[in-house]
Each structure stands twice: as C-alpha cells, then as structure tokens.
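Structure file input-v9.txt (compact mmCIF, C-alpha atoms) follows.
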```txt
# COMPACT_ATOMS: atom_id res chain seq x y z
CA MET I 1 0.00 0.00 0.00
CA SER I 2 1.83 3.05 -1.22
CA LEU I 3 1.47 6.24 -3.16
CA THR I 4 3.94 7.43 -5.80
CA LEU I 5 4.78 11.12 -6.11
CA PRO I 6 2.92 11.55 -9.44
CA GLU I 7 -0.13 9.88 -7.87
CA LEU I 8 0.00 12.29 -4.94
CA TRP I 9 0.06 15.23 -7.36
CA VAL I 10 -2.92 13.81 -9.28
CA ILE I 11 -4.90 13.57 -6.04
CA LEU I 12 -3.97 17.08 -4.90
CA GLY I 13 -4.32 18.70 -8.35
CA CYS I 14 -7.63 17.09 -9.27
CA GLY I 15 -8.89 17.58 -5.71
CA ALA I 16 -8.17 21.32 -5.94
CA VAL I 17 -9.81 21.64 -9.38
CA THR I 18 -12.94 19.83 -8.17
CA LEU I 19 -13.13 21.75 -4.90
CA ILE I 20 -12.94 25.07 -6.75
CA SER I 21 -15.74 24.10 -9.19
CA ARG I 22 -17.93 23.18 -6.23
CA THR I 23 -17.23 25.95 -3.74
CA LEU I 24 -16.47 29.06 -5.81
CA PRO I 25 -20.12 29.47 -6.92
CA PHE I 26 -21.21 29.25 -3.26
CA ALA I 27 -18.77 32.01 -2.28
CA LEU I 28 -19.74 34.23 -5.23
CA VAL I 29 -23.52 33.79 -5.09
CA GLN I 30 -23.50 34.71 -1.42
CA ARG I 31 -21.75 38.03 -2.06
CA MET I 32 -23.66 39.28 -5.05
CA GLN I 33 -27.15 39.29 -6.53
CA LEU I 34 -27.27 37.34 -9.79
CA PRO I 35 -28.96 39.00 -12.80
CA ALA I 36 -32.58 37.95 -13.38
CA ALA I 37 -31.69 36.19 -16.64
CA VAL I 38 -29.13 34.00 -14.86
CA ILE I 39 -31.64 33.04 -12.16
CA ASP I 40 -34.14 32.26 -14.90
CA PHE I 41 -31.54 30.07 -16.62
CA LEU I 42 -30.71 28.31 -13.34
CA SER I 43 -34.37 27.49 -12.66
CA PHE I 44 -34.18 25.06 -15.59
CA VAL I 45 -30.92 23.42 -14.47
CA PRO I 46 -32.55 20.71 -12.27
CA ILE I 47 -34.93 19.30 -14.88
CA ALA I 48 -32.37 19.68 -17.71
CA ILE I 49 -29.43 18.09 -15.92
CA MET I 50 -31.47 15.22 -14.45
CA THR I 51 -32.90 14.43 -17.90
CA ALA I 52 -29.39 14.52 -19.41
CA LEU I 53 -28.10 12.20 -16.66
CA CYS I 54 -30.91 9.71 -17.43
CA CYS I 55 -30.12 9.94 -21.16
CA GLN I 56 -26.47 9.22 -20.40
CA SER I 57 -27.39 5.73 -19.22
CA LEU I 58 -30.07 5.07 -21.85
CA PHE I 59 -27.91 5.86 -24.89
CA VAL I 60 -24.66 4.23 -26.06
CA ALA I 61 -22.28 6.54 -27.93
CA HIS I 62 -20.55 5.53 -31.16
CA ALA I 63 -18.02 8.21 -32.18
CA GLY I 64 -18.99 9.77 -35.52
CA HIS I 65 -22.27 7.83 -35.76
CA TRP I 66 -25.73 8.15 -34.24
CA ALA I 67 -25.99 6.76 -30.74
CA THR I 68 -27.93 3.54 -30.12
CA LEU I 69 -30.10 2.57 -27.14
CA ASN I 70 -28.77 0.63 -24.17
CA LEU I 71 -31.63 -1.89 -24.41
CA ALA I 72 -31.16 -3.53 -21.00
CA ASN I 73 -31.24 -0.13 -19.28
CA CYS I 74 -34.24 0.98 -21.36
CA TYR I 75 -36.22 -2.17 -20.44
CA ALA I 76 -35.38 -1.81 -16.74
CA ALA I 77 -36.33 1.87 -16.91
CA ILE I 78 -39.95 0.93 -17.70
CA PRO I 79 -40.82 -0.82 -14.39
CA ALA I 80 -38.73 1.78 -12.52
CA THR I 81 -40.75 4.63 -14.06
CA LEU I 82 -44.04 2.83 -13.37
CA ALA I 83 -42.95 2.33 -9.76
CA GLY I 84 -42.38 6.09 -9.55
CA ILE I 85 -45.80 6.90 -10.99
CA PHE I 86 -47.61 4.51 -8.64
CA THR I 87 -45.69 5.03 -5.40
CA LYS I 88 -43.91 8.41 -5.73
CA SER I 89 -41.22 6.84 -3.54
CA LEU I 90 -37.59 7.12 -4.55
CA LEU I 91 -36.66 4.05 -2.53
CA VAL I 92 -39.27 1.88 -4.30
CA VAL I 93 -38.07 3.15 -7.72
CA VAL I 94 -34.49 2.17 -6.89
CA VAL I 95 -35.39 -1.28 -5.49
CA VAL I 96 -37.73 -2.10 -8.41
CA GLY I 97 -35.06 -0.90 -10.85
CA ILE I 98 -32.37 -3.14 -9.34
CA MET I 99 -34.70 -6.17 -9.28
CA ALA I 100 -35.78 -5.58 -12.89
CA MET I 101 -32.15 -5.33 -14.00
CA ALA I 102 -31.20 -8.50 -12.11
CA LEU I 103 -34.04 -10.38 -13.91
CA ILE I 104 -33.04 -8.91 -17.30
CA ARG I 105 -29.44 -10.05 -16.78
CA TYR I 106 -30.50 -13.47 -15.44
CA PHE I 107 -32.63 -14.21 -18.51
CA HIS I 108 -30.14 -12.54 -20.90
CA PHE I 109 -32.91 -10.22 -22.03
CA GLY I 110 -31.91 -7.06 -23.90
CA MET K 1 -40.19 13.14 1.27
CA THR K 2 -41.67 15.51 3.90
CA PRO K 3 -41.03 19.27 4.39
CA ASP K 4 -38.97 18.44 7.53
CA LEU K 5 -35.53 20.07 7.21
CA SER K 6 -33.80 18.57 10.27
CA PHE K 7 -30.53 16.62 10.25
CA ARG K 8 -32.50 13.43 10.96
CA ALA K 9 -34.79 14.06 7.97
CA GLY K 10 -31.66 14.50 5.83
CA LEU K 11 -30.44 11.07 6.93
CA ARG K 12 -33.80 9.54 6.00
CA ASP K 13 -34.11 11.35 2.64
CA VAL K 14 -30.62 10.39 1.45
CA LEU K 15 -31.26 6.66 2.02
CA PRO K 16 -32.53 5.78 -1.50
CA THR K 17 -29.46 7.37 -3.12
CA VAL K 18 -27.15 5.21 -0.99
CA PHE K 19 -27.86 2.21 -3.27
CA GLY K 20 -26.51 4.13 -6.24
CA TYR K 21 -23.33 5.10 -4.39
CA ILE K 22 -22.76 1.51 -3.26
CA GLY K 23 -23.30 0.08 -6.76
CA VAL K 24 -21.09 2.55 -8.60
CA GLY K 25 -18.59 2.79 -5.71
CA LEU K 26 -18.01 -0.98 -5.76
CA ALA K 27 -17.61 -0.81 -9.54
CA PHE K 28 -15.04 1.98 -9.24
CA GLY K 29 -13.08 0.06 -6.60
CA ILE K 30 -13.00 -3.03 -8.82
CA VAL K 31 -11.87 -1.02 -11.87
CA ALA K 32 -9.19 0.72 -9.77
CA ASN K 33 -8.04 -2.67 -8.47
CA THR K 34 -7.70 -4.13 -11.96
CA SER K 35 -5.82 -0.95 -12.98
CA HIS K 36 -3.32 -1.71 -10.17
CA LEU K 37 -4.09 1.36 -8.09
CA SER K 38 -3.17 0.94 -4.42
CA LEU K 39 -5.80 1.14 -1.67
CA LEU K 40 -4.27 4.44 -0.56
CA MET K 41 -4.72 5.85 -4.08
CA VAL K 42 -8.37 4.69 -4.18
CA ALA K 43 -8.96 6.31 -0.78
CA GLY K 44 -7.21 9.50 -1.93
CA LEU K 45 -9.34 9.74 -5.08
CA SER K 46 -12.58 9.03 -3.23
CA PHE K 47 -12.03 11.17 -0.13
CA ILE K 48 -10.06 14.08 -1.61
CA VAL K 49 -11.20 14.34 -5.25
CA TYR K 50 -14.68 12.79 -4.58
CA ALA K 51 -16.04 12.98 -8.11
CA GLY K 52 -17.65 9.77 -9.43
CA SER K 53 -17.26 9.88 -13.20
CA ALA K 54 -14.04 11.93 -13.02
CA GLN K 55 -12.47 9.20 -10.88
CA PHE K 56 -13.00 6.63 -13.65
CA ILE K 57 -11.42 9.03 -16.15
CA ILE K 58 -8.46 9.81 -13.86
CA THR K 59 -7.87 6.06 -13.43
CA SER K 60 -7.80 5.37 -17.15
CA MET K 61 -5.54 8.39 -17.76
CA LEU K 62 -3.14 7.18 -15.04
CA VAL K 63 -2.96 3.78 -16.71
CA ALA K 64 -2.21 5.54 -20.02
CA HIS K 65 0.53 7.62 -18.29
CA ASP K 66 -1.03 10.92 -19.36
CA PRO K 67 0.57 14.08 -17.94
CA LEU K 68 -0.79 15.73 -14.79
CA SER K 69 -1.90 18.82 -16.72
CA ALA K 70 -4.08 16.72 -19.06
CA ILE K 71 -5.57 14.78 -16.14
CA MET K 72 -6.43 18.01 -14.31
CA LEU K 73 -7.96 19.56 -17.44
CA SER K 74 -10.16 16.49 -18.03
CA THR K 75 -11.22 16.56 -14.38
CA PHE K 76 -12.17 20.21 -14.69
CA LEU K 77 -14.17 19.65 -17.89
CA VAL K 78 -16.02 16.60 -16.57
CA ASN K 79 -16.79 18.48 -13.37
CA SER K 80 -17.72 21.77 -15.00
CA ARG K 81 -21.38 20.87 -14.58
CA MET K 82 -20.69 21.22 -10.83
CA ILE K 83 -20.42 24.96 -11.43
CA LEU K 84 -24.00 24.98 -12.77
CA MET K 85 -25.30 22.84 -9.92
CA SER K 86 -23.45 24.74 -7.20
CA THR K 87 -24.65 28.11 -8.52
CA SER K 88 -28.19 26.80 -8.59
CA LEU K 89 -28.03 25.20 -5.13
CA ALA K 90 -26.24 28.18 -3.52
CA GLN K 91 -29.35 30.33 -4.08
CA ALA K 92 -31.03 28.53 -1.19
CA PHE K 93 -28.15 29.15 1.24
CA ARG K 94 -27.48 32.87 0.71
CA HIS K 95 -28.58 33.66 4.27
CA GLU K 96 -26.04 31.22 5.79
CA SER K 97 -22.46 32.15 6.73
CA LEU K 98 -19.61 31.88 4.22
CA THR K 99 -18.06 29.01 6.21
CA LYS K 100 -21.30 27.00 6.08
CA ASN K 101 -21.63 27.75 2.36
CA LEU K 102 -18.10 26.51 1.68
CA LEU K 103 -18.67 23.37 3.77
CA LEU K 104 -21.89 22.57 1.88
CA GLY K 105 -20.34 23.41 -1.48
CA SER K 106 -17.32 21.16 -0.98
CA LEU K 107 -19.53 18.03 -1.02
CA VAL K 108 -22.06 18.78 -3.78
CA THR K 109 -22.68 15.85 -6.15
CA ASP K 110 -25.18 15.10 -8.95
CA GLU K 111 -27.19 13.06 -6.48
CA THR K 112 -27.24 15.41 -3.49
CA PHE K 113 -28.01 18.30 -5.84
CA ALA K 114 -30.97 16.47 -7.38
CA LEU K 115 -32.16 15.43 -3.93
CA ALA K 116 -32.03 19.04 -2.70
CA MET K 117 -34.00 20.26 -5.73
CA ASN K 118 -36.67 17.65 -4.98
CA LYS K 119 -36.73 18.71 -1.34
CA GLN K 120 -37.18 22.37 -2.34
CA ASN K 121 -40.41 21.44 -4.08
CA GLN K 122 -41.77 20.25 -0.72
CA THR K 123 -40.55 23.26 1.29
CA HIS K 124 -41.38 26.23 -0.98
CA GLY K 125 -37.74 26.67 -1.98
CA LYS K 126 -36.26 26.43 1.51
CA LEU K 127 -33.30 24.24 2.47
CA SER K 128 -31.34 24.02 5.72
CA PHE K 129 -27.69 23.57 6.59
CA ALA K 130 -28.54 20.61 8.86
CA TRP K 131 -30.58 18.75 6.22
CA GLN K 132 -28.08 19.31 3.41
CA SER K 133 -25.10 18.38 5.61
CA ALA K 134 -26.74 15.09 6.59
CA ALA K 135 -27.30 14.21 2.92
CA ASN K 136 -23.79 15.35 1.92
CA VAL K 137 -21.90 13.54 4.68
CA VAL K 138 -23.79 10.23 4.29
CA ALA K 139 -23.19 10.32 0.52
CA TYR K 140 -19.48 11.14 1.03
CA LEU K 141 -18.85 8.36 3.56
CA VAL K 142 -20.87 5.69 1.72
CA TRP K 143 -19.05 6.49 -1.54
CA GLY K 144 -15.61 6.33 0.09
CA VAL K 145 -16.28 3.08 1.94
CA ALA K 146 -17.93 1.45 -1.11
CA THR K 147 -14.96 2.24 -3.38
CA ILE K 148 -12.47 0.83 -0.83
CA ALA K 149 -14.65 -2.26 -0.34
CA GLY K 150 -14.73 -2.65 -4.14
CA ALA K 151 -10.94 -2.41 -4.34
CA ILE K 152 -10.54 -5.07 -1.63
CA LEU K 153 -13.21 -7.38 -3.09
CA GLY K 154 -11.93 -6.69 -6.60
CA SER K 155 -9.82 -9.81 -6.77
CA PHE K 156 -12.80 -12.03 -5.80
CA ILE K 157 -15.68 -10.58 -7.80
CA THR K 158 -15.56 -11.42 -11.47
CA ASN K 159 -18.90 -10.07 -12.60
CA PRO K 160 -20.15 -7.24 -10.37
CA THR K 161 -23.00 -6.21 -12.70
CA GLN K 162 -24.70 -9.62 -12.49
CA PHE K 163 -27.03 -8.55 -9.68
CA GLY K 164 -28.26 -5.38 -11.34
CA PHE K 165 -26.75 -3.16 -8.67
CA ASP K 166 -25.18 -0.87 -11.25
CA PHE K 167 -28.69 0.08 -12.43
CA ALA K 168 -29.40 1.67 -9.03
CA LEU K 169 -27.90 4.96 -10.19
CA THR K 170 -30.02 5.13 -13.35
CA ALA K 171 -33.15 4.11 -11.43
CA MET K 172 -32.41 6.83 -8.89
CA PHE K 173 -32.17 9.53 -11.55
CA ILE K 174 -35.37 8.26 -13.18
CA GLY K 175 -37.09 8.57 -9.81
CA LEU K 176 -35.61 12.00 -9.11
CA VAL K 177 -36.49 13.40 -12.52
CA TYR K 178 -40.07 12.08 -12.23
CA LEU K 179 -40.53 13.58 -8.75
CA GLN K 180 -39.06 16.87 -10.01
CA LEU K 181 -41.44 16.82 -12.97
CA ILE K 182 -44.62 16.36 -10.94
CA SER K 183 -43.74 18.63 -8.03
CA ASP K 184 -42.10 21.74 -9.51
CA LYS K 185 -45.22 23.91 -9.58
CA HIS K 186 -43.18 26.96 -10.48
CA LEU K 187 -42.15 25.67 -13.91
CA GLY K 188 -45.25 23.57 -14.59
CA LEU K 189 -45.70 20.12 -16.13
CA THR K 190 -45.99 20.99 -19.84
CA ARG K 191 -43.01 23.32 -19.90
CA GLN K 192 -40.84 20.77 -18.07
CA LEU K 193 -41.90 17.97 -20.44
CA LEU K 194 -40.95 20.13 -23.42
CA VAL K 195 -37.55 20.89 -21.84
CA MET K 196 -37.05 17.16 -21.17
CA ALA K 197 -37.83 16.24 -24.79
CA PHE K 198 -35.51 19.00 -26.01
CA VAL K 199 -32.66 17.86 -23.72
CA ALA K 200 -33.05 14.23 -24.87
CA LEU K 201 -32.89 15.27 -28.54
CA ALA K 202 -29.97 17.64 -27.93
CA TYR K 203 -28.11 14.90 -26.04
CA TYR K 204 -28.73 12.38 -28.83
CA GLY K 205 -27.49 14.86 -31.44
CA ALA K 206 -24.49 16.00 -29.40
CA LEU K 207 -23.45 12.38 -28.75
CA ARG K 208 -22.66 12.00 -32.44
CA VAL K 209 -19.81 14.49 -32.22
CA LEU K 210 -18.98 14.78 -28.51
CA ASP K 211 -17.93 12.47 -25.71
CA SER K 212 -20.81 11.66 -23.32
CA ASN K 213 -19.65 14.08 -20.62
CA PHE K 214 -19.52 17.04 -23.01
CA ALA K 215 -22.81 15.97 -24.59
CA LEU K 216 -24.32 16.04 -21.08
CA LEU K 217 -23.11 19.58 -20.46
CA THR K 218 -24.11 20.82 -23.93
CA ALA K 219 -27.60 19.31 -23.70
CA THR K 220 -28.09 20.81 -20.22
CA VAL K 221 -27.08 24.32 -21.26
CA LEU K 222 -29.16 24.16 -24.49
CA GLY K 223 -32.12 22.79 -22.49
CA CYS K 224 -31.97 25.72 -20.05
CA LEU K 225 -31.79 28.25 -22.91
CA PHE K 226 -34.74 26.51 -24.60
CA GLY K 227 -36.67 26.70 -21.32
CA MET K 228 -36.00 30.44 -21.08
CA GLU K 229 -37.31 30.95 -24.63
CA LEU K 230 -40.44 28.90 -23.79
CA LYS K 231 -41.08 31.12 -20.80
CA LYS K 232 -40.90 34.23 -22.98
CA CYS K 233 -43.50 32.87 -25.45
CA HIS K 234 -45.72 31.39 -22.67
```

If you took the structure in this file and wrote it as structure tokens, what would it be?
Amino acid sequence: MSLTLPELWVILGCGAVTLISRTLPFALVQRMQLPAAVIDFLSFVPIAIMTALCCQSLFVAHAGHWATLNLANCYAAIPATLAGIFTKSLLVVVVVGIMAMALIRYFHFG
Amino acid sequence: MTPDLSFRAGLRDVLPTVFGYIGVGLAFGIVANTSHLSLLMVAGLSFIVYAGSAQFIITSMLVAHDPLSAIMLSTFLVNSRMILMSTSLAQAFRHESLTKNLLLGSLVTDETFALAMNKQNQTHGKLSFAWQSAANVVAYLVWGVATIAGAILGSFITNPTQFGFDFALTAMFIGLVYLQLISDKHLGLTRQLLVMAFVALAYYGALRVLDSNFALLTATVLGCLFGMELKKCH
C-alpha cells in the first residue's frame, strides 16, 4: 500500500480543481445578486441536468455515428418509471429498478 | 419526502441514493483494483477528489501515463457541470455564513443536488444547513467506503454487474427526474416535459460528435436556454 509522487500530485491537483468548481459558486452567489436572466436560466438546471443524466445511461455513444439505445437499461427503466408513478417513492423506484435489472441479466434479455 | 428540514430528515431522505453510491462505488473500486491502483490511491481519489465519473477518467488516464496537466484539465471539464449545480443550489443558502456555504459546497454531487431540488419542491424553496449536511456527509462516507470495499473485493468478484446493482444509479435519476417533474409547480408540467424532450434530442445529437460528458453539459445548457425561450413565449 503506497502512493507514488505523481499519484499524490494527481490527487492534490484534481482535488483542488474539483473543490474550486464546487465551492467558488457558493462564495460568489453569497456576495452578489445574480442578474434575473441568470436566475431564470438556473431554474431550468434541475430538470435539464437530471434528464441529461438519465439519457447518459439510456444511450450508447458511437463516435462519428448516431448513438444507439442501451436496451437492458431501457427495459429496466420501464418498471422503474411505473414504480415512480404509482408510489412516488424514490426508494421503491431504486429497489424495483435493481430487481428488474437483475431479472433482465439473469434471462439474458436485452 | 416531507417538508422536515432537520438533520435526521436529511439522513432519511438520502437513504434511496445510498444504493446508487454503493453500486457505482463498488464498480469503481473493482476497476481501480484491476488498474493496479493501491488502496491508498483509491482512498485519496474518493475522499479528496470525490467525483464519481471523473475518478473513472483519472484512473484510465493514469494507466495511459497521461501528464498531470491533461488529467487536471479532463477533471475540470467533466466536473464543469458542478459549477452549474453549485450556482443553482447556492441560491437557497445565501442567508447562511460563508463558512457554512463553503462546507456545503465542498460536497455537492449530482445526487445530493438532485435530492435538494426535490426537497425544495416540498418546502417552498427552503433548504437548511442541517438537512443538506446530513445528505452530503452520508453520501461522502458511503461512496468512500464502497470504493475501498470494491478495491478489496476486486480480486474475488468477477462479474459485479450480475445482480443489477449498477442500475441503481439510473433508477435513482429516473425517480428523481419524475418527482421533479410532478412537483415543480413553479415551472409547470408541460413546460418541463418540453424541456425534457428537447434535452433528450440535444443529447442524442451531441453524442454523435462529442464524448458523453460534453454531450451532457451541452444538452443541459441548451435545455436551459430553450426553457427560457419557452417562458418568454408562454
């Protein structure tokens, strides 16, 4: 169990870069009022970024060509979404999603 | 999710996201193990960098012996969406001290951000330091421990995806986006559905020319701009 010097620099360098991306906006927003247009823009960030994060696991990229669907993930997404509609519980969505994926993998479906 | 903003409520609300951290954390530990990273390196990446997808990229760049400058630049680009999320989340904590803001900001992730946005829909836009800290700290510790467990178990587990655990993260975002959709009364259902459709199309298009992390950022920014235009036209 050891750490080489380059590895230590990677940890410290990437740690600093990440910390700045996360904390600088908190420090700035607290000190100044953002313009109305920026606040308007930010009000769409939650729905936009969550949709994009879902898409990231439903699509498979092929450089230079149109993306295809990750079929197993798309199939498992159906019961997970239904669980959300019926129960409105995040925990149930996650558990149903995991079980659906386990079944899909077990039966080599998708 | 209830409007309760106590530390205890934070612990309860973060529970469903824990599955996602465990699934992906184990996967990261296993990948790091097969890439011959030491346990100390895995711990350093998880507890100091603490950035899910960036950690996978850093690992593959280390294996390829890429220079530090390139690794840091990639980390910044993959994490640049954090700037959007932090700016958005910070709105709710303007009344708190700078120290508390920096503490909260240092542990923002995709998951805790999405969770906080869902919570805001229950509390008329209010969040508390206690609630957010509970969610942040649980997420941070579970992620760190899961990645180390993955690195230790790495040599024994041959097929970690077999049990469907890796789908926990996707299921969680599906749940979060659905709850956001039905409870954000400020933006409304139709407008949000249109933004969702636009983001999906933009992501699909962007994926043809960009890597999935840049496509994510591009689709998000375009989706927000589209939303602003929608608002203007009613």

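Note that atom CA of Gln132 of chain K and atom CA of Thr87 of chain K are 15.2 Å apart.
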
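Minimum atom-to-atom distance to chain K, evaluated using all atoms listed in the file, belongs to I:Leu90 out of I:Ala83, I:Val38, I:Leu90, I:Cys74.
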
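Interatomic distance, atom CA of Lys232 of chain K against atom CA of Arg81 of chain K: 25.1 Å.
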
Distance query 12 Å from (-14.7, 8.6, 1.5) using all atoms listed in the file, result as a compact mmCIF listing (two decimals) with C-alpha atoms, keeping the file's coordinate frame:
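And here is the file that came out, out06.txt:
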```txt
# COMPACT_ATOMS: atom_id res chain seq x y z
CA TYR K 21 -23.33 5.10 -4.39
CA ILE K 22 -22.76 1.51 -3.26
CA GLY K 25 -18.59 2.79 -5.71
CA GLY K 29 -13.08 0.06 -6.60
CA LEU K 40 -4.27 4.44 -0.56
CA MET K 41 -4.72 5.85 -4.08
CA VAL K 42 -8.37 4.69 -4.18
CA ALA K 43 -8.96 6.31 -0.78
CA GLY K 44 -7.21 9.50 -1.93
CA LEU K 45 -9.34 9.74 -5.08
CA SER K 46 -12.58 9.03 -3.23
CA PHE K 47 -12.03 11.17 -0.13
CA ILE K 48 -10.06 14.08 -1.61
CA VAL K 49 -11.20 14.34 -5.25
CA TYR K 50 -14.68 12.79 -4.58
CA ALA K 51 -16.04 12.98 -8.11
CA GLY K 52 -17.65 9.77 -9.43
CA LEU K 107 -19.53 18.03 -1.02
CA ASN K 136 -23.79 15.35 1.92
CA VAL K 137 -21.90 13.54 4.68
CA VAL K 138 -23.79 10.23 4.29
CA ALA K 139 -23.19 10.32 0.52
CA TYR K 140 -19.48 11.14 1.03
CA LEU K 141 -18.85 8.36 3.56
CA VAL K 142 -20.87 5.69 1.72
CA TRP K 143 -19.05 6.49 -1.54
CA GLY K 144 -15.61 6.33 0.09
CA VAL K 145 -16.28 3.08 1.94
CA ALA K 146 -17.93 1.45 -1.11
CA THR K 147 -14.96 2.24 -3.38
CA ILE K 148 -12.47 0.83 -0.83
CA ALA K 149 -14.65 -2.26 -0.34
```

Original post:
Using all atoms listed in the file, which of I:Ile85, I:Leu28, I:Ile11, I:Leu103 sits nearest Asn73 of chain I?
Top reply: I:Leu103

Subject >> Interface, chain I side, toward chain K (7 Å; all atoms listed in the file) as a ChimeraX atom specification >> reply: /I:1-3,10-11,13-15,17-19,21-23,25-27,29-30,40-42,44-57,61-67,77,80-81,84,88,90-91,93-94,97-99,101-102,105

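Each of K:Lys119, K:Gly188, K:Ala135, K:Cys233 was checked against Arg12 of chain K using all atoms listed in the file; the smallest atom-to-atom distance is that of K:Ala135.
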
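Counting from atom CA of Ala64 of chain K, the distance to atom CA of His36 of chain K is 12.3 Å.
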
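When all atoms listed in the file are used to compute distances to His124 of chain K, the closest of the residues K:Phe214, K:Ser183, K:Leu26, K:Ser6 turns out to be K:Ser183.
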
Grab all the atoms of segment 18-35 of chain K that the file lists, wrap them in a box along x, y and z, add 8 Å per side, and give me centre plus edge lengths in Å (one decimal) as AutoDock Vina command-line options.
```
--center_x -16.8 --center_y 0.5 --center_z -7.0 --size_x 38.0 --size_y 25.3 --size_z 28.0
```

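Shortest atom-to-atom contact with Lys126 of chain K among K:Ala32, K:Val24, K:Ile57, K:Leu5: K:Leu5, counting only C-alpha atoms.
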